[in-house]
>>> print(open('data13.cif').read())   # mmCIF, C-alpha atoms
data_query
loop_
_atom_site.label_atom_id
_atom_site.label_comp_id
_atom_site.auth_asym_id
_atom_site.auth_seq_id
_atom_site.Cartn_x
_atom_site.Cartn_y
_atom_site.Cartn_z
CA MET I 641 138.47 250.69 102.17
CA SER I 642 137.13 248.39 99.49
CA LEU I 643 133.53 247.38 98.95
CA PHE I 644 134.36 243.99 100.45
CA ASP I 645 135.51 245.59 103.71
CA ILE I 646 132.41 247.76 103.86
CA ALA I 647 130.24 244.66 103.38
CA PHE I 648 132.10 242.90 106.19
CA TYR I 649 131.60 245.77 108.64
CA PHE I 650 127.98 246.09 107.58
CA PHE I 651 127.21 242.43 108.26
CA ALA I 652 129.31 242.43 111.44
CA LEU I 653 127.37 245.45 112.73
CA ILE I 654 124.02 243.83 111.92
CA THR I 655 125.08 240.61 113.63
CA VAL I 656 126.42 242.13 116.83
CA ALA I 657 123.68 244.75 117.21
CA SER I 658 120.83 242.31 116.69
CA ALA I 659 122.51 239.72 118.92
CA ALA I 660 122.63 242.34 121.67
CA LEU I 661 118.95 243.06 121.03
CA VAL I 662 118.14 239.33 121.32
CA VAL I 663 119.77 239.18 124.72
CA PHE I 664 118.77 242.54 126.18
CA SER I 665 115.31 243.19 124.75
CA ARG I 666 112.54 243.19 127.35
CA ASN I 667 110.01 241.87 124.86
CA ILE I 668 110.40 238.25 123.79
CA ILE I 669 108.82 238.91 120.38
CA TYR I 670 111.46 241.57 119.66
CA SER I 671 114.12 239.07 120.70
CA ALA I 672 112.80 236.49 118.26
CA PHE I 673 112.74 238.97 115.38
CA ALA I 674 116.19 240.32 116.25
CA LEU I 675 117.42 236.72 116.04
CA LEU I 676 116.22 236.75 112.41
CA PHE I 677 118.63 239.60 111.64
CA THR I 678 121.45 237.86 113.49
CA PHE I 679 120.98 234.78 111.33
CA PHE I 680 120.87 236.95 108.20
CA GLY I 681 124.03 238.76 109.21
CA VAL I 682 125.88 235.50 109.86
CA ALA I 683 124.66 234.16 106.50
CA GLY I 684 126.06 237.29 104.83
CA LEU I 685 129.39 236.72 106.56
CA TYR I 686 129.42 233.12 105.29
CA ALA I 687 128.83 234.44 101.77
CA LEU I 688 131.68 236.92 102.20
CA LEU I 689 133.91 234.06 103.31
CA GLY I 690 133.17 232.25 100.05
CA ALA I 691 131.12 229.52 101.75
CA ASP I 692 128.12 229.76 99.44
CA PHE I 693 126.54 226.41 100.31
CA VAL I 694 126.82 227.05 104.06
CA ALA I 695 125.26 230.50 103.62
CA VAL I 696 122.26 229.06 101.79
CA ALA I 697 121.93 226.24 104.34
CA GLN I 698 122.07 228.84 107.13
CA LEU I 699 119.12 230.68 105.58
CA LEU I 700 117.18 227.46 104.96
CA ILE I 701 117.78 225.74 108.29
CA TYR I 702 118.06 228.61 110.76
CA VAL I 703 115.75 231.24 109.28
CA GLY I 704 113.34 228.84 107.61
CA GLY I 705 113.30 226.14 110.25
CA ILE I 706 114.65 226.92 113.68
CA LEU I 707 113.42 230.51 113.82
CA VAL I 708 109.90 229.58 112.75
CA LEU I 709 109.93 226.83 115.37
CA LEU I 710 111.10 229.37 117.97
CA LEU I 711 108.32 231.77 117.00
CA PHE I 712 105.83 228.94 117.41
CA GLY I 713 107.30 228.32 120.85
CA VAL I 714 106.97 232.00 121.74
CA MET I 715 103.39 232.20 120.50
CA LEU I 716 102.34 229.01 122.26
CA THR I 717 103.84 229.90 125.63
CA THR I 718 103.22 233.62 126.13
CA LYS I 719 99.97 235.15 127.13
CA LEU I 720 99.90 237.82 124.45
CA VAL I 721 97.65 240.23 126.33
CA SER I 722 99.27 240.07 129.76
CA VAL I 723 102.58 241.51 130.90
CA ASP I 724 104.02 238.02 130.99
CA MET I 725 106.07 238.69 127.84
CA LYS I 726 108.24 241.18 129.68
CA THR I 727 110.91 239.02 131.19
CA GLY I 728 113.30 240.03 133.88
CA THR I 729 117.05 240.30 133.98
CA LEU I 730 119.21 239.79 137.00
CA GLN I 731 122.86 239.88 137.98
CA ALA I 732 123.70 242.60 135.47
CA LEU I 733 127.08 243.52 136.93
CA PRO I 734 128.55 239.98 137.21
CA ALA I 735 127.21 239.30 133.73
CA THR I 736 128.95 242.38 132.33
CA LEU I 737 132.22 241.37 133.94
CA LEU I 738 131.86 237.85 132.61
CA PHE I 739 131.08 239.19 129.13
CA ALA I 740 134.28 241.23 129.20
CA ALA I 741 136.23 238.23 130.48
CA VAL I 742 134.88 235.74 127.91
CA ALA I 743 135.06 238.07 124.92
CA GLY I 744 138.45 239.43 125.98
CA ALA I 745 139.99 236.02 126.61
CA LEU I 746 138.69 234.53 123.37
CA SER I 747 139.67 237.55 121.26
CA GLY I 748 143.04 237.71 122.98
CA VAL I 749 143.82 234.08 122.22
CA TYR I 750 142.58 234.51 118.65
CA ILE I 751 144.70 237.58 118.04
CA ILE I 752 147.87 236.47 119.84
CA THR I 753 147.97 233.04 118.18
CA ASP I 754 150.01 232.97 115.00
CA TRP I 755 147.56 231.26 112.63
CA ASN I 756 149.05 229.39 109.72
CA VAL I 757 146.95 231.33 107.21
CA LEU I 758 147.21 230.68 103.49
CA ALA I 759 148.65 233.53 101.48
CA GLY I 760 146.48 235.31 98.95
CA ALA I 761 142.76 235.81 98.62
CA PRO I 762 140.35 233.06 99.73
CA ASP I 763 139.38 230.56 97.08
CA ALA I 764 136.32 231.82 95.22
CA ALA I 765 135.29 228.48 93.70
CA THR I 766 131.95 226.95 94.60
CA THR I 767 132.10 224.65 97.63
CA ALA I 768 129.00 222.46 97.22
CA VAL I 769 130.79 219.77 95.17
CA THR I 770 133.66 219.46 97.65
CA ILE I 771 131.29 219.31 100.62
CA GLY I 772 129.15 216.66 98.96
CA ASP I 773 132.23 214.56 98.15
CA MET I 774 133.45 214.79 101.72
CA PHE I 775 130.04 213.83 103.14
CA LEU I 776 129.94 210.65 101.07
CA THR I 777 133.58 209.62 101.58
CA THR I 778 135.50 210.81 104.66
CA TRP I 779 132.48 211.82 106.73
CA LEU I 780 130.06 209.09 105.67
CA LEU I 781 129.59 207.54 109.14
CA PRO I 782 129.00 210.87 110.97
CA PHE I 783 126.65 211.86 108.14
CA GLU I 784 124.53 208.73 108.64
CA ILE I 785 124.60 209.11 112.42
CA ALA I 786 123.41 212.70 112.03
CA SER I 787 120.44 211.49 110.01
CA VAL I 788 119.57 208.97 112.73
CA VAL I 789 119.90 211.71 115.37
CA LEU I 790 117.49 213.91 113.41
CA LEU I 791 114.98 211.08 113.06
CA VAL I 792 115.13 210.26 116.77
CA ALA I 793 114.79 213.95 117.64
CA LEU I 794 111.74 214.24 115.39
CA VAL I 795 109.99 211.26 116.99
CA GLY I 796 111.04 212.33 120.49
CA ALA I 797 109.82 215.89 120.02
CA ALA I 798 106.43 214.67 118.86
CA MET I 799 106.27 212.30 121.84
CA ILE I 800 107.14 215.00 124.38
CA ALA I 801 104.97 217.77 123.01
CA ARG I 802 101.76 215.87 122.39
CA ARG I 803 99.00 215.84 124.94
CA ASP I 804 98.78 212.69 127.02
CA ALA I 805 95.86 210.76 125.49
CA ARG I 806 94.84 208.99 128.70
CA SER I 807 94.49 212.11 130.84
CA LYS I 808 92.26 213.92 128.35
CA PRO I 809 89.68 211.37 127.23
CA THR I 810 87.05 213.97 126.28
CA GLN I 811 89.33 215.86 123.90
CA GLN I 812 90.49 212.62 122.39
CA ALA I 813 86.89 211.62 121.74
CA ALA I 814 86.13 215.00 120.19
CA LEU I 815 88.95 214.55 117.70
CA MET Y 1323 141.20 241.78 102.60
CA ILE Y 1324 139.78 241.21 106.07
CA PRO Y 1325 142.25 239.35 108.32
CA LEU Y 1326 141.21 236.10 109.95
CA GLU Y 1327 141.40 237.68 113.40
CA TYR Y 1328 138.50 240.03 112.61
CA TYR Y 1329 136.15 237.14 111.92
CA LEU Y 1330 137.37 235.29 115.01
CA SER Y 1331 136.93 238.34 117.24
CA LEU Y 1332 133.43 238.85 115.88
CA SER Y 1333 132.71 235.22 116.68
CA ALA Y 1334 134.10 235.71 120.21
CA VAL Y 1335 131.83 238.72 120.80
CA LEU Y 1336 128.83 236.81 119.46
CA PHE Y 1337 129.64 233.85 121.73
CA ALA Y 1338 130.06 236.08 124.78
CA THR Y 1339 126.70 237.73 124.02
CA GLY Y 1340 125.13 234.29 124.04
CA VAL Y 1341 126.80 233.48 127.37
CA ILE Y 1342 125.35 236.66 128.86
CA GLY Y 1343 121.91 235.72 127.61
CA VAL Y 1344 122.08 232.28 129.20
CA LEU Y 1345 123.32 233.69 132.51
CA THR Y 1346 121.12 236.75 132.95
CA ARG Y 1347 117.79 236.05 131.32
CA ARG Y 1348 115.17 234.09 133.19
CA ASN Y 1349 112.89 233.16 130.30
CA ALA Y 1350 113.56 229.66 128.96
CA ILE Y 1351 112.97 230.69 125.34
CA ILE Y 1352 115.46 233.58 125.57
CA VAL Y 1353 118.00 231.17 127.06
CA PHE Y 1354 117.26 228.93 124.12
CA MET Y 1355 117.86 231.75 121.59
CA SER Y 1356 121.14 232.55 123.33
CA ILE Y 1357 122.25 228.95 122.83
CA GLU Y 1358 121.51 229.36 119.13
CA LEU Y 1359 123.64 232.52 119.16
CA MET Y 1360 126.56 230.59 120.64
CA LEU Y 1361 126.18 227.81 118.06
CA ASN Y 1362 126.21 230.44 115.31
CA ALA Y 1363 129.35 232.00 116.75
CA VAL Y 1364 131.10 228.63 116.65
CA ASN Y 1365 129.89 228.03 113.09
CA LEU Y 1366 131.23 231.41 112.07
CA SER Y 1367 134.70 230.65 113.39
CA LEU Y 1368 134.61 227.19 111.74
CA VAL Y 1369 133.80 228.70 108.34
CA ALA Y 1370 136.43 231.42 108.80
CA PHE Y 1371 139.09 228.82 109.62
CA SER Y 1372 137.96 226.63 106.73
CA GLN Y 1373 138.41 229.49 104.29
CA TYR Y 1374 141.65 230.92 105.62
CA LEU Y 1375 143.37 227.57 106.21
CA GLY Y 1376 142.29 226.28 102.80
CA SER Y 1377 140.35 223.18 103.92
CA THR Y 1378 136.67 222.39 103.40
CA THR Y 1379 136.49 220.21 106.52
CA GLY Y 1380 135.36 223.17 108.62
CA GLN Y 1381 132.34 223.68 106.41
CA VAL Y 1382 131.43 219.99 106.71
CA LEU Y 1383 131.56 220.34 110.50
CA VAL Y 1384 129.21 223.32 110.26
CA PHE Y 1385 126.58 221.02 108.82
CA PHE Y 1386 126.91 218.63 111.73
CA VAL Y 1387 126.53 221.55 114.13
CA MET Y 1388 123.43 222.65 112.21
CA ALA Y 1389 121.98 219.13 112.39
CA VAL Y 1390 122.52 219.02 116.15
CA ALA Y 1391 121.08 222.52 116.49
CA ALA Y 1392 117.98 221.52 114.58
CA ALA Y 1393 117.50 218.42 116.71
CA GLU Y 1394 118.15 220.44 119.85
CA SER Y 1395 115.62 223.12 118.92
CA ALA Y 1396 112.93 220.57 118.13
CA ILE Y 1397 113.42 218.69 121.40
CA GLY Y 1398 113.97 221.87 123.42
CA LEU Y 1399 110.81 223.54 122.21
CA ALA Y 1400 108.83 220.35 122.80
CA ILE Y 1401 110.13 220.31 126.38
CA ILE Y 1402 109.35 224.02 126.79
CA ILE Y 1403 105.79 223.54 125.56
CA ALA Y 1404 105.27 220.51 127.80
CA LEU Y 1405 106.68 222.46 130.77
CA PHE Y 1406 104.47 225.45 130.04
CA ARG Y 1407 101.41 223.23 129.84
CA ASN Y 1408 102.14 221.71 133.23
CA LYS Y 1409 103.56 224.68 135.17
CA GLN Y 1410 102.10 227.73 133.34
CA THR Y 1411 105.46 229.49 133.56
CA LEU Y 1412 108.76 229.67 131.71
CA ASN Y 1413 110.72 231.36 134.44
CA ILE Y 1414 113.65 229.02 134.90
CA ASP Y 1415 113.95 229.95 138.57
CA GLU Y 1416 110.54 228.39 139.13
CA LEU Y 1417 111.26 225.32 137.01
CA ASN Y 1418 113.11 223.35 139.65
CA LEU Y 1419 111.51 219.94 139.21
CA LEU Y 1420 114.88 218.20 138.97
CA LYS Y 1421 116.35 219.91 142.03
CA TRP Y 1422 116.29 218.41 145.50
#
>>> encode(input="data13.cif", output="structure tokens")
Amino acid sequence: MSLFDIAFYFFALITVASAALVVFSRNIIYSAFALLFTFFGVAGLYALLGADFVAVAQLLIYVGGILVLLLFGVMLTTKLVSVDMKTGTLQALPATLLFAAVAGALSGVYIITDWNVLAGAPDAATTAVTIGDMFLTTWLLPFEIASVVLLVALVGAAMIARRDARSKPTQQAAL
Amino acid sequence: MIPLEYYLSLSAVLFATGVIGVLTRRNAIIVFMSIELMLNAVNLSLVAFSQYLGSTTGQVLVFFVMAVAAAESAIGLAIIIALFRNKQTLNIDELNLLKW
């Protein structure tokens, strides 16, 4: 077993174990921090796959952005001193069966299908140049639409989350 | 060298874990994290395909998924915070405003 294989199993173990912790932990804070390790594990797998730019973007966007946003959501919506953070689980048996069905069906299809895989080791060259070229040529329109989507989401999120100014005149005056 | 099927199976397990989270947990934020797990599973299979089939297109698609995930998390958390402010709960069994 080469060092590469060991690294793969290491990252795979981190990813699956922390993903299970995200889903099954009784404490929402533990879930949020386990999600951090899931994102790290997936970023490591991207690096192993030779997708360096995607791995860095994963760390920047998911760990640096989405996870921090999630932690803000957790902190703003849980009463830290009460037992409200312990959240319940229900329908454990149907869920287990469904897990087996989904994972089994997907893995089965993946393994049975005869993928037209390239021979030899994956290309080790850097991918950022190719990705940038593709964004500005083939994928230019989706790229621009994605930027509009992000802008709209930003404005919409601020609109939804802010306090309604008319219903709280005293706070508005205090600011 | 790790075969493609290993990465895909890992992605399948990650996706199924996310499905379980959405179906069994009753806290809106945990459901939200589970959706992120599923998006990550899809990204992982996209990158694996991109590498093993020798095309960078898969990695470009990952960035679109990330952009949608970022937009979704911003909007979703704004909705969660607005809901919590109005209803003082995040139990999705009690959040039935759109049900009649």
>>> resolve_selection(input="data13.cif", expression="the PyMOL selection byres ((chain Y) within 7 of (chain I))", output="PyMOL selection string")
chain Y and resi 1323-1324+1327+1330-1331+1334-1336+1338-1339+1342-1343+1345-1349+1356+1369-1370+1373-1376+1378+1381-1382+1386+1389+1392-1393+1395-1397+1399-1401+1403-1404+1406
>>> axis_aligned_box(input="data13.cif", around="range 1356-1375 of chain Y", padding_each_side="5 Å", output="JSON")
{"center_x": 132.3, "center_y": 229.6, "center_z": 113.8, "size_x": 32.2, "size_y": 15.9, "size_z": 29.0}
>>> atom_distance(input="data13.cif", atom1="CA of Val788 in chain I", atom2="CA of Leu776 in chain I")
15.7 Å
>>> resolve_selection(input="data13.cif", expression="the PyMOL selection byres ((chain Y and resi 1364) around 10)", output="number ranges by chain")
Y: 1330, 1333-1334, 1336-1337, 1358-1363, 1365-1370, 1384, 1387
>>> atom_distance(input="data13.cif", atom1="CA of Tyr1328 in chain Y", atom2="CA of Thr1379 in chain Y")
20.8 Å
>>> atom_distance(input="data13.cif", atom1="CA of Glu784 in chain I", atom2="CA of Met1388 in chain Y")
14.4 Å
>>> decode(input="data13.cif", residues="range 1368-1391 of chain Y", atoms="C-alpha atoms", output="PDB file, in the first residue's frame")
ATOM      1  CA  LEU Y1368     -17.667  15.529 -10.279  1.00  0.00           C
ATOM      2  CA  VAL Y1369     -13.981  16.065  -9.483  1.00  0.00           C
ATOM      3  CA  ALA Y1370     -13.309  12.319  -9.522  1.00  0.00           C
ATOM      4  CA  PHE Y1371     -14.931  11.988 -12.953  1.00  0.00           C
ATOM      5  CA  SER Y1372     -13.091  15.055 -14.217  1.00  0.00           C
ATOM      6  CA  GLN Y1373      -9.756  13.549 -13.239  1.00  0.00           C
ATOM      7  CA  TYR Y1374     -10.351   9.981 -14.356  1.00  0.00           C
ATOM      8  CA  LEU Y1375     -12.062  10.865 -17.649  1.00  0.00           C
ATOM      9  CA  GLY Y1376      -9.410  13.453 -18.479  1.00  0.00           C
ATOM     10  CA  SER Y1377     -11.658  16.520 -18.833  1.00  0.00           C
ATOM     11  CA  THR Y1378     -11.599  19.724 -16.791  1.00  0.00           C
ATOM     12  CA  THR Y1379     -15.304  20.403 -17.364  1.00  0.00           C
ATOM     13  CA  GLY Y1380     -16.210  18.600 -14.149  1.00  0.00           C
ATOM     14  CA  GLN Y1381     -14.078  20.979 -12.126  1.00  0.00           C
ATOM     15  CA  VAL Y1382     -15.745  23.968 -13.797  1.00  0.00           C
ATOM     16  CA  LEU Y1383     -19.133  22.549 -12.796  1.00  0.00           C
ATOM     17  CA  VAL Y1384     -17.903  22.249  -9.212  1.00  0.00           C
ATOM     18  CA  PHE Y1385     -17.501  26.006  -9.123  1.00  0.00           C
ATOM     19  CA  PHE Y1386     -21.073  26.532 -10.257  1.00  0.00           C
ATOM     20  CA  VAL Y1387     -22.245  24.155  -7.538  1.00  0.00           C
ATOM     21  CA  MET Y1388     -20.171  26.106  -5.015  1.00  0.00           C
ATOM     22  CA  ALA Y1389     -21.683  29.397  -6.202  1.00  0.00           C
ATOM     23  CA  VAL Y1390     -25.196  28.007  -5.813  1.00  0.00           C
ATOM     24  CA  ALA Y1391     -24.284  26.562  -2.410  1.00  0.00           C
TER      25      ALA Y1391
END
